[in-house]
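Q: One structure follows; several queries about it will come next.
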Amino acid sequence: MWRRLVEAVQAARADPIISSAGLGFFYRTLGILLVPVILRTGVPATAVTLTGGAVGLLGALVLAGGSYPFLVAGAVLIQLGLLLDYTDGGVARARGEASNYGDWLDCIVDRAVDAAVFFGLCWGHYRTHGQVGVWAWGFAAIALRTMIGAFTHITELYVPRSLAMIKSDLRSGGWRRLIKWLSFSRVNLFFLITICCLLDRVYLLMVLVSLYGGLFYFGSIAYLHNRVKALAEAPKDAG
């Protein structure tokens, strides 16, 4: 067991995917450990993706209950769904099922779960506290989350080399190391949601996600603009 854990940690560290940085490293490690278990069941990668999405949607439905027990139960479910989201890719690669369709399905499921989770939180908070303002903050939060996800995938599609540069930056020290822990990634977002659910602070969550999401979105555009520009101006390799 210890050897498997060490191997999973090493594999997670070597993973070139940006989402493996920061808190994503722990989920990636757990996902790698779960892959052999899922492989023995014969379940295809797409089924893992859809199961993770179904668990996340169930969590969103539970969050709509609004009261504290529902918030805790919903937080547990969305964390389980997130873990499965970090597992389906490993299952696909192990079975030779990795494809553009799998990436597309994973992206669609993630965005659907994200929207449902915020809607469930807003609905539950409105039902229990009657604060209409939570809808405005919630809409801003999910809009920014969706734009950041789309921006990341567009960058990955059209300028894939820039992601390798970002991965290198995240491994360096100083303020860049801090960014990987505070980035507006899906794992960090769900971690923040879980903490605020445990503290019963849904309205504060919406405000924080909206403000920080806006800051991170426009900051990411500026940062990636400089990176892409540097790639465009770099001399071409001879031959």
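To be explicit about the labels: the chains of the structure tokens are called A, B, and onward in the order shown, and within each one the residues are counted from 1, while ligands get numbers from 1 in the order they are shown.
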Would you mind writing down, as an NGL selection string, each residue of segment 65-112 of chain A that DSSP on the backbone assigns to helix (DSSP H, G or I)?

A: :A and (68-85 or 88-95 or 100-112)

Q: Excluding same-chain residues fewer than 4 positions from segment 47-61 of chain A, what lies within 9 Å of it counting only C-alpha atoms, as a VMD selection string?

A: chain A and resid 38 43 65 71 73 to 85 87 to 89 91 102 105 to 106 109 to 110 112 to 121

Q: Identify, on the basis of only C-alpha atoms, every residue whose closest approach to Trp137 of chain A does not exceed 8 Å; exclude the query and any residue fewer than 4 positions from it along the same chain; express the result as a PyMOL selection string.

A: chain A and resi 133+141+206-207+210

Q: Write the residues of the selection above to a file with all heavy atoms, as an mmCIF file, in the first residue's frame.

A:
data_model
loop_
_atom_site.group_PDB
_atom_site.id
_atom_site.type_symbol
_atom_site.label_atom_id
_atom_site.label_comp_id
_atom_site.auth_asym_id
_atom_site.auth_seq_id
_atom_site.Cartn_x
_atom_site.Cartn_y
_atom_site.Cartn_z
ATOM 1 N N GLY A 133 -30.595 39.294 -2.722
ATOM 2 C CA GLY A 133 -29.294 39.671 -3.268
ATOM 3 C C GLY A 133 -28.385 38.498 -3.566
ATOM 4 O O GLY A 133 -27.460 38.617 -4.378
ATOM 5 N N ALA A 141 -21.041 34.902 -9.904
ATOM 6 C CA ALA A 141 -20.060 33.871 -9.573
ATOM 7 C C ALA A 141 -20.019 32.778 -10.642
ATOM 8 O O ALA A 141 -18.948 32.395 -11.122
ATOM 9 C CB ALA A 141 -20.379 33.262 -8.205
ATOM 10 N N MET A 206 -20.796 33.615 -2.071
ATOM 11 C CA MET A 206 -21.116 34.207 -3.364
ATOM 12 C C MET A 206 -20.360 35.515 -3.580
ATOM 13 O O MET A 206 -19.872 35.794 -4.679
ATOM 14 C CB MET A 206 -22.627 34.451 -3.476
ATOM 15 C CG MET A 206 -23.444 33.182 -3.423
ATOM 16 S SD MET A 206 -22.955 31.981 -4.701
ATOM 17 C CE MET A 206 -23.747 30.506 -4.102
ATOM 18 N N VAL A 207 -20.257 36.309 -2.541
ATOM 19 C CA VAL A 207 -19.523 37.577 -2.648
ATOM 20 C C VAL A 207 -18.044 37.324 -2.916
ATOM 21 O O VAL A 207 -17.433 37.935 -3.802
ATOM 22 C CB VAL A 207 -19.701 38.421 -1.368
ATOM 23 C CG1 VAL A 207 -18.831 39.680 -1.432
ATOM 24 C CG2 VAL A 207 -21.160 38.796 -1.166
ATOM 25 N N SER A 210 -17.443 35.912 -6.469
ATOM 26 C CA SER A 210 -17.647 36.939 -7.487
ATOM 27 C C SER A 210 -16.471 37.903 -7.551
ATOM 28 O O SER A 210 -15.940 38.194 -8.637
ATOM 29 C CB SER A 210 -18.938 37.709 -7.210
ATOM 30 O OG SER A 210 -20.054 36.852 -7.252
#

Q: So, counting only C-alpha atoms, which residue among A:Ala140, A:Leu39, A:Leu215, A:Leu63 is closest to Gly96 of chain A?

A: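 For Gly96 of chain A, the nearest of the given residues is A:Leu39.
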
Q: Report as a PyMOL selection string all protein, DNA and RNA residues lying within 10 Å of Tyr126 of chain A, evaluated on only C-alpha atoms, omitting residues in the same chain fewer than 6 positions from it.

A: chain A and resi 64+66+120+132-135+202-203

Q: Keeping N, CA and C atoms, export the residues of the selection given above as an mmCIF file, in the first residue's frame.

A:
data_model
loop_
_atom_site.group_PDB
_atom_site.id
_atom_site.type_symbol
_atom_site.label_atom_id
_atom_site.label_comp_id
_atom_site.auth_asym_id
_atom_site.auth_seq_id
_atom_site.Cartn_x
_atom_site.Cartn_y
_atom_site.Cartn_z
ATOM 1 N N ALA A 64 -29.785 22.609 -2.143
ATOM 2 C CA ALA A 64 -30.988 23.429 -2.269
ATOM 3 C C ALA A 64 -31.897 23.304 -1.052
ATOM 4 N N GLY A 66 -31.034 23.996 1.891
ATOM 5 C CA GLY A 66 -30.820 25.258 2.582
ATOM 6 C C GLY A 66 -30.363 25.172 4.018
ATOM 7 N N GLY A 120 -28.208 25.623 -6.651
ATOM 8 C CA GLY A 120 -28.697 24.975 -5.439
ATOM 9 C C GLY A 120 -28.379 25.772 -4.184
ATOM 10 N N VAL A 132 -32.707 38.243 -1.307
ATOM 11 C CA VAL A 132 -32.783 38.226 -2.767
ATOM 12 C C VAL A 132 -31.417 38.508 -3.392
ATOM 13 N N GLY A 133 -30.595 39.294 -2.722
ATOM 14 C CA GLY A 133 -29.294 39.671 -3.268
ATOM 15 C C GLY A 133 -28.385 38.498 -3.566
ATOM 16 N N VAL A 134 -28.627 37.354 -2.938
ATOM 17 C CA VAL A 134 -27.774 36.189 -3.162
ATOM 18 C C VAL A 134 -27.848 35.733 -4.613
ATOM 19 N N TRP A 135 -28.984 36.001 -5.286
ATOM 20 C CA TRP A 135 -29.125 35.600 -6.691
ATOM 21 C C TRP A 135 -28.203 36.412 -7.592
ATOM 22 N N VAL A 202 -23.222 30.997 3.086
ATOM 23 C CA VAL A 202 -23.449 30.912 1.649
ATOM 24 C C VAL A 202 -23.392 32.289 0.997
ATOM 25 N N TYR A 203 -23.998 33.285 1.621
ATOM 26 C CA TYR A 203 -23.995 34.631 1.038
ATOM 27 C C TYR A 203 -22.564 35.155 0.930
#

Q: Write out as a PyMOL selection string each polymer residue whose atoms come within 10 Å of Tyr86 of chain A, counting only C-alpha atoms; drop sequence neighbours fewer than 5 positions from it.

A: chain A and resi 19-20+24-32+34-35+48-49+52+81+91+187
